[in-house]
Amino acid sequence: MRKYMIVIALAIFASCAGDDQKVEQTVADEPISQTNNSPEFNTAFAGLLDNYYHLKDALVLTNDTMANNSAQLLAAAADSFPINSLKGDSSIGQMADGYFGSIAAEAKALTGEKNMDEKRKSFQMISDNMYDLVRTVRYDREKVYHQFCPMAFNDAGGYWLSKSSDIKNPYFGKKMLTCGEVKDSLDFR
């Protein structure tokens, strides 16, 4: 019996006497976030989106003056966008340039509209172009939500973009503030 105890003790000792070296993991020094676009592009595009979001918020509040000011800033940002800072092939740049032109033209038209319903129609056209633009350039600095209200424009429906999944309907303002749903989210990060 004593032999068995010695064999068991040796077996336990052998299993516990493994290699006690610590395993080192090396982590590459990578940036926290990477982007496929130039810093100039990212800065300009973030400004364009901010101007768009301010316009959306003005329509949510049904604030005519704020909507006009935001639309002017959006038009200026689209008109002066540094398209040469966009990385990628020339066809992407040409498509994006077309969207920038449409956004600028419609934002300028929005400021000339006399009533809020007409401003909201212009905003819908801006929103459609902005959605296509974000998808074309694959903006990768933030998540962009594509939202939809089925009751806008006499039940034809209307889309808009948001930086939040929370619904704040620009087509009805306070009347139906949370009417809508998230239809898509663009996240190229």
# chains A, B, ... in the order shown; residues from 1 in each chain; ligands from 1

call {"tool": "residues_around", "arguments": {"residues": "A:Asp79", "least_positions_apart": "4", "cutoff": "7 Å", "atoms": "only C-alpha atoms", "output": "list in words"}}
result
Ala75, Phe100, Gly101 and Ala104 of chain A

call {"tool": "residues_around", "arguments": {"residues": "stretch 139-155 of chain A", "least_positions_apart": "3", "cutoff": "6 Å", "atoms": "only C-alpha atoms", "output": "ChimeraX atom specification"}}
result
/A:134,158-163,180-189

call {"tool": "closest_residue", "arguments": {"among": "A:Met95, A:Asp117, A:Phe172, A:Asp166", "to": "A:Arg135", "atoms": "only C-alpha atoms"}}
result
A:Met95

call {"tool": "closest_residue", "arguments": {"among": "A:Asp128, A:Glu40, A:Asp57, A:Asp89", "to": "A:Glu106", "atoms": "only C-alpha atoms"}}
result
A:Asp128

call {"tool": "closest_atom_pairs", "arguments": {"of": "stretch 139-188 of chain A", "to": "stretch 60-73 of chain A", "cutoff": "9 Å", "atoms": "only C-alpha atoms", "output": "CSV"}}
result
residue,atom,partner,partner_atom,distance
A:Lys168,CA,A:Val60,CA,6.6
A:Asn169,CA,A:Val60,CA,6.0
A:Pro170,CA,A:Val60,CA,4.2
A:Tyr171,CA,A:Val60,CA,7.1
A:Phe172,CA,A:Val60,CA,7.0
A:Gly173,CA,A:Val60,CA,4.2
A:Lys174,CA,A:Val60,CA,7.0
A:Leu177,CA,A:Val60,CA,7.4

call {"tool": "write_last_selection", "arguments": {"atoms": "N, CA, C and O atoms", "output": "mmCIF file, in the first residue's frame"}}
result
data_model
loop_
_atom_site.group_PDB
_atom_site.id
_atom_site.type_symbol
_atom_site.label_atom_id
_atom_site.label_comp_id
_atom_site.auth_asym_id
_atom_site.auth_seq_id
_atom_site.Cartn_x
_atom_site.Cartn_y
_atom_site.Cartn_z
ATOM 1 N N LYS A 168 -37.437 61.463 -33.411
ATOM 2 C CA LYS A 168 -37.868 62.863 -33.281
ATOM 3 C C LYS A 168 -38.282 63.280 -34.682
ATOM 4 O O LYS A 168 -37.458 63.666 -35.510
ATOM 5 N N ASN A 169 -39.567 63.201 -34.954
ATOM 6 C CA ASN A 169 -40.103 63.343 -36.305
ATOM 7 C C ASN A 169 -40.067 64.795 -36.791
ATOM 8 O O ASN A 169 -40.766 65.646 -36.250
ATOM 9 N N PRO A 170 -39.285 65.079 -37.856
ATOM 10 C CA PRO A 170 -39.222 66.438 -38.387
ATOM 11 C C PRO A 170 -40.420 66.793 -39.264
ATOM 12 O O PRO A 170 -40.615 67.965 -39.596
ATOM 13 N N TYR A 171 -41.225 65.823 -39.636
ATOM 14 C CA TYR A 171 -42.341 66.089 -40.541
ATOM 15 C C TYR A 171 -43.613 66.513 -39.826
ATOM 16 O O TYR A 171 -44.489 67.105 -40.434
ATOM 17 N N PHE A 172 -43.719 66.210 -38.536
ATOM 18 C CA PHE A 172 -44.898 66.589 -37.785
ATOM 19 C C PHE A 172 -44.587 67.428 -36.551
ATOM 20 O O PHE A 172 -45.495 67.982 -35.939
ATOM 21 N N GLY A 173 -43.332 67.515 -36.154
ATOM 22 C CA GLY A 173 -42.984 68.278 -34.967
ATOM 23 C C GLY A 173 -43.687 67.751 -33.734
ATOM 24 O O GLY A 173 -43.798 66.540 -33.532
ATOM 25 N N LYS A 174 -44.185 68.655 -32.936
ATOM 26 C CA LYS A 174 -44.828 68.285 -31.668
ATOM 27 C C LYS A 174 -46.131 67.496 -31.863
ATOM 28 O O LYS A 174 -46.543 66.766 -30.972
ATOM 29 N N LEU A 177 -44.506 63.715 -32.462
ATOM 30 C CA LEU A 177 -43.056 63.765 -32.267
ATOM 31 C C LEU A 177 -42.372 62.414 -32.401
ATOM 32 O O LEU A 177 -41.293 62.319 -32.978
#

call {"tool": "closest_residue", "arguments": {"among": "A:Ser127, A:Thr136, A:Thr111, A:Ser122", "to": "A:Gly93", "atoms": "only C-alpha atoms"}}
result
A:Thr136

call {"tool": "select_by_dssp", "arguments": {"residues": "stretch 94-150 of chain A", "states": "strand (DSSP E or B)", "output": "list of chain:residue names"}}
result
A:Val144, A:Tyr145, A:His146, A:Gln147, A:Phe148, A:Cys149

call {"tool": "write_last_selection", "arguments": {"atoms": "N, CA and C atoms", "output": "PDB file, in the first residue's frame"}}
result
ATOM      1  N   VAL A 144     -25.063  56.316 -38.378  1.00  0.00           N
ATOM      2  CA  VAL A 144     -26.124  57.202 -38.858  1.00  0.00           C
ATOM      3  C   VAL A 144     -27.389  56.361 -39.015  1.00  0.00           C
ATOM      4  N   TYR A 145     -28.475  56.823 -38.413  1.00  0.00           N
ATOM      5  CA  TYR A 145     -29.745  56.101 -38.451  1.00  0.00           C
ATOM      6  C   TYR A 145     -30.638  56.666 -39.554  1.00  0.00           C
ATOM      7  N   HIS A 146     -31.238  55.775 -40.319  1.00  0.00           N
ATOM      8  CA  HIS A 146     -32.179  56.150 -41.376  1.00  0.00           C
ATOM      9  C   HIS A 146     -33.573  55.849 -40.840  1.00  0.00           C
ATOM     10  N   GLN A 147     -34.356  56.901 -40.636  1.00  0.00           N
ATOM     11  CA  GLN A 147     -35.645  56.749 -39.978  1.00  0.00           C
ATOM     12  C   GLN A 147     -36.776  57.096 -40.944  1.00  0.00           C
ATOM     13  N   PHE A 148     -37.962  56.612 -40.621  1.00  0.00           N
ATOM     14  CA  PHE A 148     -39.093  56.716 -41.533  1.00  0.00           C
ATOM     15  C   PHE A 148     -40.386  56.968 -40.777  1.00  0.00           C
ATOM     16  N   CYS A 149     -41.182  57.886 -41.326  1.00  0.00           N
ATOM     17  CA  CYS A 149     -42.534  58.124 -40.816  1.00  0.00           C
ATOM     18  C   CYS A 149     -43.507  57.753 -41.930  1.00  0.00           C
TER      19      CYS A 149
END

call {"tool": "atom_distance", "arguments": {"atom1": "atom CA of A:Ala44", "atom2": "atom CA of A:Ile83"}}
result
9.6 Å

call {"tool": "closest_residue", "arguments": {"among": "A:Met176, A:Lys56, A:Met125, A:Lys108", "to": "A:Ala76", "atoms": "only C-alpha atoms"}}
result
A:Lys108

call {"tool": "decode", "arguments": {"residues": "stretch 42-63 of chain A", "atoms": "N, CA, C and O atoms", "output": "CSV table (one decimal), in the first residue's frame"}}
result
chain,number,residue,atom,x,y,z
A,42,ASN,N,-13.0,63.8,-43.1
A,42,ASN,CA,-13.8,63.5,-41.9
A,42,ASN,C,-14.3,64.8,-41.2
A,42,ASN,O,-15.4,64.8,-40.7
A,43,THR,N,-13.4,65.8,-41.1
A,43,THR,CA,-13.8,67.0,-40.4
A,43,THR,C,-14.9,67.7,-41.2
A,43,THR,O,-15.9,68.2,-40.7
A,44,ALA,N,-14.7,67.8,-42.5
A,44,ALA,CA,-15.8,68.5,-43.4
A,44,ALA,C,-17.1,67.7,-43.4
A,44,ALA,O,-18.2,68.3,-43.3
A,45,PHE,N,-17.0,66.4,-43.4
A,45,PHE,CA,-18.2,65.6,-43.5
A,45,PHE,C,-19.0,65.7,-42.1
A,45,PHE,O,-20.2,65.7,-42.1
A,46,ALA,N,-18.2,65.7,-41.0
A,46,ALA,CA,-18.9,65.8,-39.7
A,46,ALA,C,-19.6,67.1,-39.6
A,46,ALA,O,-20.7,67.2,-39.1
A,47,GLY,N,-19.0,68.2,-40.2
A,47,GLY,CA,-19.7,69.5,-40.2
A,47,GLY,C,-20.9,69.5,-41.0
A,47,GLY,O,-21.9,70.1,-40.6
A,48,LEU,N,-20.9,68.8,-42.2
A,48,LEU,CA,-22.0,68.7,-43.0
A,48,LEU,C,-23.2,68.0,-42.3
A,48,LEU,O,-24.3,68.5,-42.3
A,49,LEU,N,-22.8,66.9,-41.7
A,49,LEU,CA,-23.8,66.1,-40.9
A,49,LEU,C,-24.4,67.0,-39.8
A,49,LEU,O,-25.6,66.9,-39.6
A,50,ASP,N,-23.6,67.7,-39.1
A,50,ASP,CA,-24.1,68.5,-38.0
A,50,ASP,C,-25.0,69.6,-38.5
A,50,ASP,O,-26.1,69.8,-37.8
A,51,ASN,N,-24.7,70.2,-39.6
A,51,ASN,CA,-25.7,71.2,-40.2
A,51,ASN,C,-27.0,70.5,-40.6
A,51,ASN,O,-28.0,71.1,-40.4
A,52,TYR,N,-26.9,69.3,-41.1
A,52,TYR,CA,-28.1,68.6,-41.5
A,52,TYR,C,-28.9,68.3,-40.2
A,52,TYR,O,-30.1,68.5,-40.2
A,53,TYR,N,-28.3,67.8,-39.2
A,53,TYR,CA,-29.0,67.5,-37.9
A,53,TYR,C,-29.6,68.7,-37.3
A,53,TYR,O,-30.7,68.6,-36.7
A,54,HIS,N,-28.9,69.9,-37.4
A,54,HIS,CA,-29.5,71.1,-36.9
A,54,HIS,C,-30.8,71.5,-37.7
A,54,HIS,O,-31.8,72.0,-37.1
A,55,LEU,N,-30.7,71.3,-39.0
A,55,LEU,CA,-31.9,71.5,-39.8
A,55,LEU,C,-33.1,70.6,-39.4
A,55,LEU,O,-34.2,71.0,-39.2
A,56,LYS,N,-32.7,69.3,-39.2
A,56,LYS,CA,-33.8,68.4,-38.7
A,56,LYS,C,-34.4,68.8,-37.4
A,56,LYS,O,-35.6,68.8,-37.2
A,57,ASP,N,-33.5,69.2,-36.5
A,57,ASP,CA,-34.0,69.7,-35.2
A,57,ASP,C,-34.9,70.9,-35.3
A,57,ASP,O,-35.8,71.0,-34.5
A,58,ALA,N,-34.5,71.8,-36.2
A,58,ALA,CA,-35.3,73.0,-36.4
A,58,ALA,C,-36.7,72.6,-36.9
A,58,ALA,O,-37.7,73.3,-36.5
A,59,LEU,N,-36.8,71.6,-37.7
A,59,LEU,CA,-38.1,71.2,-38.3
A,59,LEU,C,-38.9,70.5,-37.2
A,59,LEU,O,-40.1,70.6,-37.1
A,60,VAL,N,-38.2,69.7,-36.3
A,60,VAL,CA,-38.8,69.1,-35.2
A,60,VAL,C,-39.5,70.1,-34.3
A,60,VAL,O,-40.6,70.0,-33.8
A,61,LEU,N,-38.8,71.3,-34.1
A,61,LEU,CA,-39.3,72.3,-33.3
A,61,LEU,C,-40.2,73.3,-34.0
A,61,LEU,O,-40.8,74.2,-33.4
A,62,THR,N,-40.4,73.1,-35.3
A,62,THR,CA,-41.2,73.9,-36.2
A,62,THR,C,-40.8,75.4,-36.0
A,62,THR,O,-41.6,76.3,-35.9
A,63,ASN,N,-39.5,75.6,-36.1
A,63,ASN,CA,-38.9,76.9,-36.0
A,63,ASN,C,-38.4,77.4,-37.3
A,63,ASN,O,-37.3,76.9,-37.8
